[in-house]
$ cat structure_15.cif   # mmCIF, C-alpha atoms
data_coords
#
loop_
_atom_site.label_atom_id
_atom_site.label_comp_id
_atom_site.auth_asym_id
_atom_site.auth_seq_id
_atom_site.Cartn_x
_atom_site.Cartn_y
_atom_site.Cartn_z
CA MET A 1 7.14 -9.16 -2.18
CA GLU A 2 10.77 -8.72 -1.31
CA GLU A 3 10.33 -4.98 -0.92
CA LEU A 4 7.49 -5.54 1.53
CA LEU A 5 9.50 -7.93 3.66
CA ASN A 6 12.63 -5.79 3.59
CA GLU A 7 10.84 -2.61 4.54
CA VAL A 8 11.67 -1.64 8.13
CA VAL A 9 9.36 0.28 10.44
CA PRO A 10 10.64 3.78 11.28
CA GLN A 11 11.96 3.71 14.84
CA GLU A 12 9.79 6.65 15.92
CA ASP A 13 6.65 4.84 14.78
CA LEU A 14 7.57 1.70 16.68
CA GLU A 15 8.22 3.80 19.77
CA ARG A 16 4.99 5.76 19.42
CA PHE A 17 2.84 2.64 19.30
CA GLU A 18 4.88 1.07 22.09
CA ARG A 19 4.17 4.11 24.28
CA LYS A 20 0.47 3.89 23.46
CA TYR A 21 0.51 0.19 24.39
CA ASN A 22 2.36 0.75 27.67
CA HIS A 23 0.22 3.75 28.53
CA GLU A 24 -3.02 1.78 28.22
CA HIS A 25 -1.50 -1.07 30.13
CA GLU A 26 -0.47 1.16 33.02
CA LEU A 27 -3.77 3.00 33.06
CA ASP A 28 -6.11 0.06 33.53
CA GLY A 29 -4.11 -3.11 33.10
CA GLU A 30 -5.87 -3.73 29.79
CA VAL A 31 -4.86 -2.90 26.26
CA THR A 32 -7.45 -2.46 23.52
CA THR A 33 -7.41 -4.82 20.55
CA GLU A 34 -6.74 -1.88 18.27
CA THR A 35 -3.63 -0.80 20.17
CA LYS A 36 -2.34 -4.34 20.43
CA PHE A 37 -2.69 -4.76 16.69
CA GLU A 38 -1.03 -1.44 15.89
CA TYR A 39 1.91 -2.30 18.12
CA ALA A 40 2.23 -5.81 16.67
CA PHE A 41 2.04 -4.40 13.12
CA CYS A 42 5.09 -2.26 13.94
CA LEU A 43 6.93 -5.03 15.80
CA VAL A 44 6.79 -7.54 12.95
CA ARG A 45 8.33 -4.89 10.68
CA SER A 46 11.22 -4.22 13.06
CA ARG A 47 14.83 -4.98 12.14
CA TYR A 48 15.28 -6.95 15.38
CA THR A 49 14.35 -10.59 15.72
CA ASN A 50 13.22 -10.18 19.31
CA ASP A 51 10.76 -7.45 18.34
CA ILE A 52 9.36 -9.64 15.56
CA ARG A 53 8.97 -12.56 18.01
CA LYS A 54 7.10 -10.30 20.40
CA GLY A 55 4.85 -9.11 17.56
CA VAL A 56 4.14 -12.71 16.58
CA MET A 57 3.16 -13.51 20.17
CA ILE A 58 0.72 -10.62 20.32
CA LEU A 59 -0.79 -11.61 16.97
CA GLU A 60 -1.19 -15.22 18.09
CA GLU A 61 -3.15 -14.04 21.09
CA LEU A 62 -5.29 -11.72 18.96
CA ALA A 63 -6.04 -14.46 16.44
CA ARG A 64 -7.11 -16.75 19.25
CA LEU A 65 -9.38 -14.25 21.00
CA HIS A 66 -10.72 -12.08 18.21
CA PRO A 67 -11.95 -14.03 15.20
CA GLU A 68 -13.39 -10.90 13.56
CA GLY A 69 -9.97 -9.58 12.59
CA ARG A 70 -8.41 -12.95 12.01
CA ARG A 71 -7.48 -12.52 8.35
CA ASP A 72 -5.28 -9.54 9.22
CA TYR A 73 -3.66 -11.36 12.15
CA ILE A 74 -3.00 -14.51 10.17
CA TYR A 75 -1.47 -12.59 7.29
CA TYR A 76 0.91 -10.78 9.60
CA LEU A 77 1.68 -14.00 11.46
CA ALA A 78 2.84 -15.45 8.15
CA PHE A 79 4.68 -12.21 7.38
CA GLY A 80 6.46 -12.00 10.76
CA ASN A 81 7.48 -15.65 10.67
CA ALA A 82 8.81 -15.20 7.13
CA ARG A 83 10.95 -12.28 8.28
CA ILE A 84 12.65 -14.37 10.97
CA LYS A 85 13.02 -17.30 8.55
CA ASN A 86 10.51 -19.50 10.34
CA TYR A 87 9.44 -20.63 6.91
CA ALA A 88 7.50 -23.71 8.00
CA GLU A 89 5.41 -21.59 10.39
CA GLY A 90 4.94 -18.91 7.77
CA LEU A 91 3.67 -21.41 5.23
CA LYS A 92 1.32 -22.90 7.78
CA TYR A 93 -0.36 -19.52 8.25
CA CYS A 94 -0.54 -18.85 4.51
CA ARG A 95 -2.26 -22.17 3.96
CA ALA A 96 -4.65 -21.60 6.85
CA PHE A 97 -5.58 -18.28 5.28
CA LEU A 98 -6.01 -19.65 1.76
CA GLU A 99 -8.30 -22.38 2.98
CA ILE A 100 -10.76 -19.71 4.05
CA GLU A 101 -10.25 -17.07 1.38
CA SER A 102 -8.72 -17.02 -2.08
CA ASN A 103 -6.31 -14.10 -2.00
CA ASP A 104 -3.50 -13.01 -4.32
CA GLN A 105 -1.72 -11.02 -1.65
CA VAL A 106 -1.41 -14.12 0.53
CA ARG A 107 -0.60 -16.33 -2.45
CA SER A 108 2.37 -14.18 -3.39
CA LEU A 109 3.61 -14.25 0.21
CA GLU A 110 3.27 -18.03 0.17
CA GLU A 111 5.24 -18.29 -3.07
CA TYR A 112 7.93 -16.03 -1.71
CA ILE A 113 8.30 -18.08 1.48
CA LYS A 114 8.47 -21.31 -0.53
CA LYS A 115 11.21 -19.88 -2.71
CA GLN A 116 13.21 -18.63 0.27
CA SER A 117 12.82 -21.91 2.07
CA ASP A 118 13.99 -23.86 -1.01
CA LYS A 119 16.97 -21.52 -1.21
CA GLU A 120 17.87 -22.23 2.41
CA VAL A 121 17.69 -25.96 1.76
CA ALA A 122 19.93 -25.60 -1.31
CA LYS A 123 22.34 -23.47 0.71
CA GLY A 124 22.42 -26.11 3.44
CA MET A 125 23.18 -28.77 0.86
CA ALA A 126 25.88 -26.62 -0.67
CA VAL A 127 27.50 -26.14 2.74
CA ALA A 128 27.31 -29.87 3.43
CA GLY A 129 28.65 -30.58 -0.06
CA GLY A 130 31.44 -28.06 0.41
CA ALA A 131 32.39 -29.62 3.74
CA ALA A 132 32.51 -33.05 2.08
CA LEU A 133 34.77 -31.67 -0.62
CA VAL A 134 37.12 -30.08 1.90
CA LEU A 135 37.19 -33.25 3.95
CA GLY A 136 37.83 -35.27 0.79
CA GLY A 137 40.64 -32.90 -0.10
CA ILE A 138 42.29 -33.29 3.29
CA LEU A 139 41.99 -37.04 3.13
CA GLY A 140 43.38 -37.06 -0.39
CA LEU A 141 46.28 -34.88 0.64
CA GLY A 142 46.95 -37.11 3.62
CA ILE A 143 47.01 -40.21 1.43
CA ALA A 144 49.24 -38.51 -1.14
CA MET A 145 51.66 -37.41 1.56
CA ALA A 146 51.71 -40.85 3.10
CA ARG A 147 52.47 -42.37 -0.30
CA ASN A 148 55.17 -39.82 -0.89
CA LYS A 149 56.71 -40.67 2.45
CA GLN A 150 56.55 -44.38 1.63
CA LYS A 151 58.23 -43.71 -1.71
CA ARG A 152 61.00 -41.69 -0.11
CA GLU A 153 61.55 -44.31 2.55
CA LYS A 154 61.96 -46.92 -0.14
CA MET B 1 11.71 -7.69 -23.61
CA THR B 2 11.99 -7.17 -19.87
CA ALA B 3 14.33 -4.45 -18.71
CA ALA B 4 17.57 -5.47 -17.08
CA PRO B 5 17.93 -4.78 -13.36
CA TYR B 6 19.06 -1.20 -12.61
CA ASN B 7 18.10 -0.24 -16.08
CA TYR B 8 16.72 3.07 -14.88
CA ASN B 9 17.90 6.55 -13.96
CA TYR B 10 15.51 7.40 -11.15
CA ILE B 11 13.34 5.75 -8.53
CA PHE B 12 10.16 7.57 -7.53
CA LYS B 13 8.22 6.48 -4.47
CA TYR B 14 4.41 6.68 -4.69
CA ILE B 15 1.68 6.00 -2.19
CA ILE B 16 -1.97 5.30 -2.95
CA ILE B 17 -4.46 6.36 -0.31
CA GLY B 18 -8.20 6.76 0.12
CA ASP B 19 -11.25 5.12 1.70
CA MET B 20 -11.90 1.42 1.72
CA GLY B 21 -13.32 0.01 -1.51
CA VAL B 22 -12.57 2.95 -3.80
CA GLY B 23 -10.39 0.73 -5.99
CA LYS B 24 -6.82 1.61 -4.99
CA SER B 25 -5.46 -1.90 -5.51
CA CYS B 26 -7.40 -2.27 -8.75
CA LEU B 27 -5.86 0.92 -10.09
CA LEU B 28 -2.41 -0.37 -9.18
CA HIS B 29 -3.13 -3.73 -10.73
CA GLN B 30 -4.43 -2.12 -13.91
CA PHE B 31 -1.30 0.03 -14.08
CA THR B 32 1.24 -2.75 -13.44
CA GLU B 33 -0.53 -5.70 -15.10
CA LYS B 34 -2.86 -3.95 -17.56
CA LYS B 35 -5.67 -6.12 -16.27
CA PHE B 36 -8.77 -5.57 -14.22
CA MET B 37 -8.93 -7.52 -11.01
CA ALA B 38 -12.56 -8.43 -10.37
CA ASN B 39 -13.57 -9.45 -6.81
CA CYS B 40 -10.61 -7.74 -5.26
CA PRO B 41 -10.50 -8.50 -1.51
CA HIS B 42 -9.61 -5.81 1.04
CA THR B 43 -5.88 -5.16 1.13
CA ILE B 44 -4.22 -6.29 4.31
CA GLY B 45 -1.96 -3.53 5.63
CA VAL B 46 -0.03 -2.60 2.56
CA GLU B 47 0.75 -3.95 -0.90
CA PHE B 48 3.56 -3.11 -3.25
CA GLY B 49 3.87 -2.76 -6.99
CA THR B 50 6.49 -1.54 -9.40
CA ARG B 51 6.85 -0.56 -13.05
CA ILE B 52 9.46 1.18 -15.14
CA ILE B 53 8.21 4.09 -17.21
CA GLU B 54 9.83 6.67 -19.42
CA VAL B 55 9.72 10.43 -19.06
CA ASP B 56 11.81 12.64 -21.31
CA ASP B 57 13.89 9.67 -22.44
CA LYS B 58 14.75 8.94 -18.80
CA LYS B 59 13.82 5.57 -17.36
CA ILE B 60 12.05 5.88 -14.05
CA LYS B 61 11.22 3.04 -11.72
CA LEU B 62 8.02 3.65 -9.80
CA GLN B 63 7.85 1.97 -6.41
CA ILE B 64 4.22 2.08 -5.41
CA TRP B 65 2.95 1.43 -1.87
CA ASP B 66 -0.74 0.66 -1.90
CA THR B 67 -2.23 1.16 1.57
CA ALA B 68 -5.26 -0.56 3.06
CA GLY B 69 -8.30 1.69 3.29
CA GLN B 70 -9.77 0.00 6.36
CA GLU B 71 -9.91 2.26 9.38
CA ARG B 72 -7.92 -0.12 11.57
CA PHE B 73 -4.87 0.41 9.35
CA ARG B 74 -5.20 4.17 9.16
CA ALA B 75 -2.81 5.01 12.01
CA VAL B 76 -0.16 2.44 11.18
CA THR B 77 -0.03 3.02 7.42
CA ARG B 78 1.00 6.64 8.06
CA SER B 79 4.60 5.33 8.14
CA TYR B 80 4.41 4.85 4.40
CA TYR B 81 3.66 8.48 3.58
CA ARG B 82 7.13 9.56 4.63
CA GLY B 83 9.41 10.18 1.71
CA ALA B 84 6.76 9.78 -0.98
CA ALA B 85 7.42 11.77 -4.13
CA GLY B 86 3.88 11.20 -5.36
CA ALA B 87 0.59 10.57 -3.60
CA LEU B 88 -2.42 9.24 -5.50
CA MET B 89 -5.51 10.11 -3.50
CA VAL B 90 -8.50 8.10 -4.64
CA TYR B 91 -12.27 8.42 -4.15
CA ASP B 92 -15.18 6.59 -5.74
CA ILE B 93 -17.41 8.80 -7.93
CA THR B 94 -20.40 6.61 -7.03
CA ARG B 95 -20.01 7.00 -3.26
CA ARG B 96 -20.28 10.51 -1.93
CA SER B 97 -18.86 9.59 1.50
CA THR B 98 -15.52 8.64 -0.03
CA TYR B 99 -15.35 12.11 -1.59
CA ASN B 100 -16.35 13.81 1.67
CA HIS B 101 -13.42 12.17 3.45
CA LEU B 102 -10.87 13.62 1.04
CA SER B 103 -10.05 16.60 3.22
CA SER B 104 -8.97 14.28 6.01
CA TRP B 105 -6.79 12.25 3.60
CA LEU B 106 -5.36 15.49 2.29
CA THR B 107 -4.54 16.72 5.79
CA ASP B 108 -2.65 13.49 6.50
CA THR B 109 -0.79 13.77 3.22
CA ARG B 110 0.20 17.40 3.78
CA ASN B 111 1.32 16.68 7.34
CA LEU B 112 3.33 13.59 6.57
CA THR B 113 4.93 14.33 3.22
CA ASN B 114 7.09 17.22 2.09
CA PRO B 115 5.91 20.37 0.32
CA SER B 116 7.15 19.20 -3.07
CA THR B 117 5.21 15.90 -2.97
CA VAL B 118 2.93 15.77 -5.99
CA ILE B 119 -0.64 14.94 -5.00
CA PHE B 120 -2.89 13.54 -7.71
CA LEU B 121 -6.62 13.19 -7.09
CA ILE B 122 -8.31 10.30 -8.86
CA GLY B 123 -12.09 9.88 -9.11
CA ASN B 124 -12.28 6.15 -9.77
CA LYS B 125 -15.09 4.07 -11.31
CA SER B 126 -15.84 6.60 -14.05
CA ASP B 127 -17.39 3.72 -16.02
CA LEU B 128 -20.33 3.66 -13.57
CA GLU B 129 -21.94 6.82 -14.91
CA SER B 130 -25.49 5.80 -14.00
CA THR B 131 -24.75 5.64 -10.27
CA ARG B 132 -22.52 8.71 -10.10
CA GLU B 133 -22.84 10.78 -6.90
CA VAL B 134 -20.02 13.28 -7.39
CA THR B 135 -19.85 15.48 -10.49
CA TYR B 136 -16.64 16.07 -12.37
CA GLU B 137 -16.99 19.83 -11.94
CA GLU B 138 -17.30 19.67 -8.18
CA ALA B 139 -14.22 17.50 -7.78
CA LYS B 140 -12.29 19.62 -10.27
CA GLU B 141 -13.05 22.68 -8.20
CA PHE B 142 -11.88 20.95 -5.01
CA ALA B 143 -8.68 19.92 -6.79
CA ASP B 144 -8.01 23.42 -8.10
CA GLU B 145 -8.64 25.01 -4.72
CA ASN B 146 -6.11 22.68 -3.13
CA GLY B 147 -3.56 22.69 -5.91
CA LEU B 148 -4.03 19.03 -6.79
CA MET B 149 -3.81 17.41 -10.19
CA PHE B 150 -7.04 15.63 -11.07
CA LEU B 151 -8.54 13.03 -13.39
CA GLU B 152 -11.50 10.72 -13.37
CA ALA B 153 -10.42 7.19 -14.18
CA SER B 154 -11.65 3.63 -14.40
CA ALA B 155 -9.62 0.72 -13.12
CA MET B 156 -12.10 -1.50 -14.91
CA THR B 157 -11.80 -0.12 -18.45
CA GLY B 158 -8.31 1.27 -17.87
CA GLN B 159 -9.42 4.74 -18.92
CA ASN B 160 -7.00 7.44 -17.63
CA VAL B 161 -5.17 5.02 -15.32
CA GLU B 162 -1.93 5.20 -17.26
CA GLU B 163 -2.33 8.97 -17.51
CA ALA B 164 -2.71 9.49 -13.76
CA PHE B 165 0.45 7.56 -12.89
CA LEU B 166 2.45 9.10 -15.74
CA GLU B 167 1.29 12.67 -15.20
CA THR B 168 2.39 12.40 -11.58
CA ALA B 169 5.84 11.22 -12.68
CA ARG B 170 6.11 14.02 -15.25
CA LYS B 171 5.31 16.58 -12.59
CA ILE B 172 7.89 15.11 -10.19
CA TYR B 173 10.46 15.07 -12.97
CA GLN B 174 9.65 18.69 -13.77
CA ASN B 175 10.18 19.58 -10.10
CA ILE B 176 13.61 17.96 -10.25
CA GLN B 177 14.51 19.83 -13.42
CA GLU B 178 13.43 23.11 -11.91
CA GLY B 179 15.38 22.48 -8.72
CA ARG B 180 12.32 22.36 -6.49
CA LEU B 181 13.24 18.94 -5.25
CA ASP B 182 16.42 18.17 -3.33
CA LEU B 183 17.66 14.83 -4.58
CA ASN B 184 20.00 14.43 -1.64
CA ALA B 185 17.23 14.61 0.95
CA SER B 186 15.98 11.16 1.87
CA GLU B 187 12.52 12.69 2.29
CA SER B 188 12.27 13.64 -1.36
CA GLY B 189 11.09 10.17 -2.39
CA VAL B 190 13.42 10.27 -5.37
CA GLN B 191 16.65 8.38 -5.84
CA HIS B 192 18.94 9.16 -8.67
CA ARG B 193 21.04 6.44 -10.20
CA PRO B 194 23.66 8.11 -12.30
CA SER B 195 24.03 6.09 -15.45
CA GLN B 196 27.21 4.08 -15.34
CA PRO B 197 29.97 4.91 -17.80
CA SER B 198 28.58 3.05 -20.73
CA ARG B 199 30.37 -0.17 -21.51
CA PRO B 200 31.27 -0.62 -25.11
CA ASN B 201 28.05 -1.89 -26.51
CA LEU B 202 28.72 -3.87 -29.63
CA SER B 203 25.39 -3.47 -31.31
CA SER B 204 25.12 0.30 -30.77
CA GLU B 205 28.74 0.80 -31.70
CA ALA B 206 28.25 -1.14 -34.87
CA ALA B 207 25.17 0.91 -35.65
CA HIS B 208 27.16 4.06 -35.08
CA VAL B 209 29.91 3.01 -37.44
CA LYS B 210 27.33 2.17 -40.01
CA ASP B 211 25.80 5.63 -39.66
CA GLN B 212 29.08 7.28 -40.47
CA CYS B 213 29.74 5.08 -43.40
CA SER B 214 29.23 6.96 -46.63
CA CYS B 215 28.72 3.87 -48.66
#
$ encode --input "structure_15.cif" --output "structure tokens"
Amino acid sequence: MEELLNEVVPQEDLERFERKYNHEHELDGEVTTETKFEYAFCLVRSRYTNDIRKGVMILEELARLHPEGRRDYIYYLAFGNARIKNYAEGLKYCRAFLEIESNDQVRSLEEYIKKQSDKEVAKGMAVAGGAALVLGGILGLGIAMARNKQKREK
Amino acid sequence: MTAAPYNYNYIFKYIIIGDMGVGKSCLLHQFTEKKFMANCPHTIGVEFGTRIIEVDDKKIKLQIWDTAGQERFRAVTRSYYRGAAGALMVYDITRRSTYNHLSSWLTDTRNLTNPSTVIFLIGNKSDLESTREVTYEEAKEFADENGLMFLEASAMTGQNVEEAFLETARKIYQNIQEGRLDLNASESGVQHRPSQPSRPNLSSEAAHVKDQCSC
């Protein structure tokens, strides 16, 4: 799973599908579902958060308007959200998918997101714990110094 | 029993391509898990699998990208062809149309990979003899004409699945040995991990000492 999420779209591919998207848009103000999906598929695999967000937006629209391709859109909505660490959103889409269809591909994405999200929580606790330790240390030092001073003054 | 991370000398990148429903994901599953996946849903976009194999006493990690066969993914999954050392091109022996589309899959592969990419043709579902629509001989001829390696296999029984993946790796390895593949080019689909200067390994060292002992 990690390899899939770490894989980055080649820049030239992203640009090619972006051109196709813009071209259709300029030509008749409309973009076909196919082109929208191709562009979003590249965007959610980009290395940049803003691209991924844009891809997620396009996929949300597609999922709303085109139920026939929904399983693909929902999977990549989970995927895109996972890549920008929106784990709660990602899990929401995995669960929505699994309610409709039993699927190992989605289940392994779900497991991966859960693991990552647990890791983040643990990291957060470690940071908080570390901060408490440092603070404790400073306080302890302060008290020790104050005592020292008292002793010397005596 | 599992291999330690980085316990390999090479990484080979593979792609699996072919029409929808020919059994690409089932072949991958059979190869990595040694199990048949019944009721396999359509792959969404692309899937990934990996396994470490051995060729000539060298450990090779296969990184396998399994592409969706649905038409809507055709254009976007072309990204994955780039830098593949091996391409497994699959058709279904019980559906003639999947065989007829091979030339288009082959054109994509030739255009998007490099000349040294090993292409292996797999006629899947060889267990379904009674509904066969493509003969072995016909496909063999197509493979020979186009310089492809070829086997009929069954993801269900596991017949020839191992062979197809391993034969591809052997051929890639042979290309490396014969200098036909430039390891430094990112397009080659092969990464070499020079084995680290071996740390003193107690057990092997002890074994060695024992070997020399005349007692």
$ resolve_selection --input "structure_15.cif" --expression "the PyMOL selection byres ((chain A) within 9 of (chain B))" --output "VMD selection string"
chain A and resid 1 3 to 4 9 to 10 13 17 34 37 to 39 41 to 42 71 to 72 75 to 76 102 to 105
$ closest_residue --input "structure_15.cif" --among "B:Arg132, B:Lys58, B:Arg110, B:Lys34" --to "Thr94 (chain B)" --atoms "all atoms listed in the file"
B:Arg132
$ residues_around --input "structure_15.cif" --residues "region 28-32 of chain A" --least-positions-apart "6" --cutoff "12 Å" --atoms "only C-alpha atoms" --output "JSON, numbers by chain"
{"A": [17, 18, 19, 20, 21, 22, 38, 39, 58, 62, 66]}
$ resolve_selection --input "structure_15.cif" --expression "the PyMOL selection byres ((chain B and resi 17-19) around 8)" --output "ChimeraX atom specification"
/B:15-16,20-22,24,66-70,87-91,98,101-102,105
$ residues_around --input "structure_15.cif" --residues "Phe120 (chain B)" --least-positions-apart "3" --cutoff "9 Å" --atoms "all atoms listed in the file" --output "PDB file with C-alpha atoms, in the coordinates of the input"
ATOM      1  CA  GLY B  86       3.880  11.200  -5.360  1.00  0.00           C
ATOM      2  CA  ALA B  87       0.590  10.570  -3.600  1.00  0.00           C
ATOM      3  CA  LEU B  88      -2.420   9.240  -5.500  1.00  0.00           C
ATOM      4  CA  MET B  89      -5.510  10.110  -3.500  1.00  0.00           C
ATOM      5  CA  VAL B  90      -8.500   8.100  -4.640  1.00  0.00           C
ATOM      6  CA  ALA B 143      -8.680  19.920  -6.790  1.00  0.00           C
ATOM      7  CA  LEU B 148      -4.030  19.030  -6.790  1.00  0.00           C
ATOM      8  CA  MET B 149      -3.810  17.410 -10.190  1.00  0.00           C
ATOM      9  CA  PHE B 150      -7.040  15.630 -11.070  1.00  0.00           C
ATOM     10  CA  LEU B 151      -8.540  13.030 -13.390  1.00  0.00           C
ATOM     11  CA  ALA B 164      -2.710   9.490 -13.760  1.00  0.00           C
ATOM     12  CA  PHE B 165       0.450   7.560 -12.890  1.00  0.00           C
ATOM     13  CA  GLU B 167       1.290  12.670 -15.200  1.00  0.00           C
ATOM     14  CA  THR B 168       2.390  12.400 -11.580  1.00  0.00           C
TER      15      THR B 168
END
$ resolve_selection --input "structure_15.cif" --expression "the PyMOL selection byres ((chain B and resi 181-188) around 9)" --output "number ranges by chain"
B: 12-13, 82-85, 113-114, 116-117, 172, 175-180, 189-192
$ atom_distance --input "structure_15.cif" --atom1 "CA of Ile93 (chain B)" --atom2 "CA of Cys26 (chain B)"
14.9 Å
$ closest_residue --input "structure_15.cif" --among "B:Asn7, B:Ser154, B:Ser25, B:Gln30" --to "Leu128 (chain B)" --atoms "only C-alpha atoms"
B:Ser154
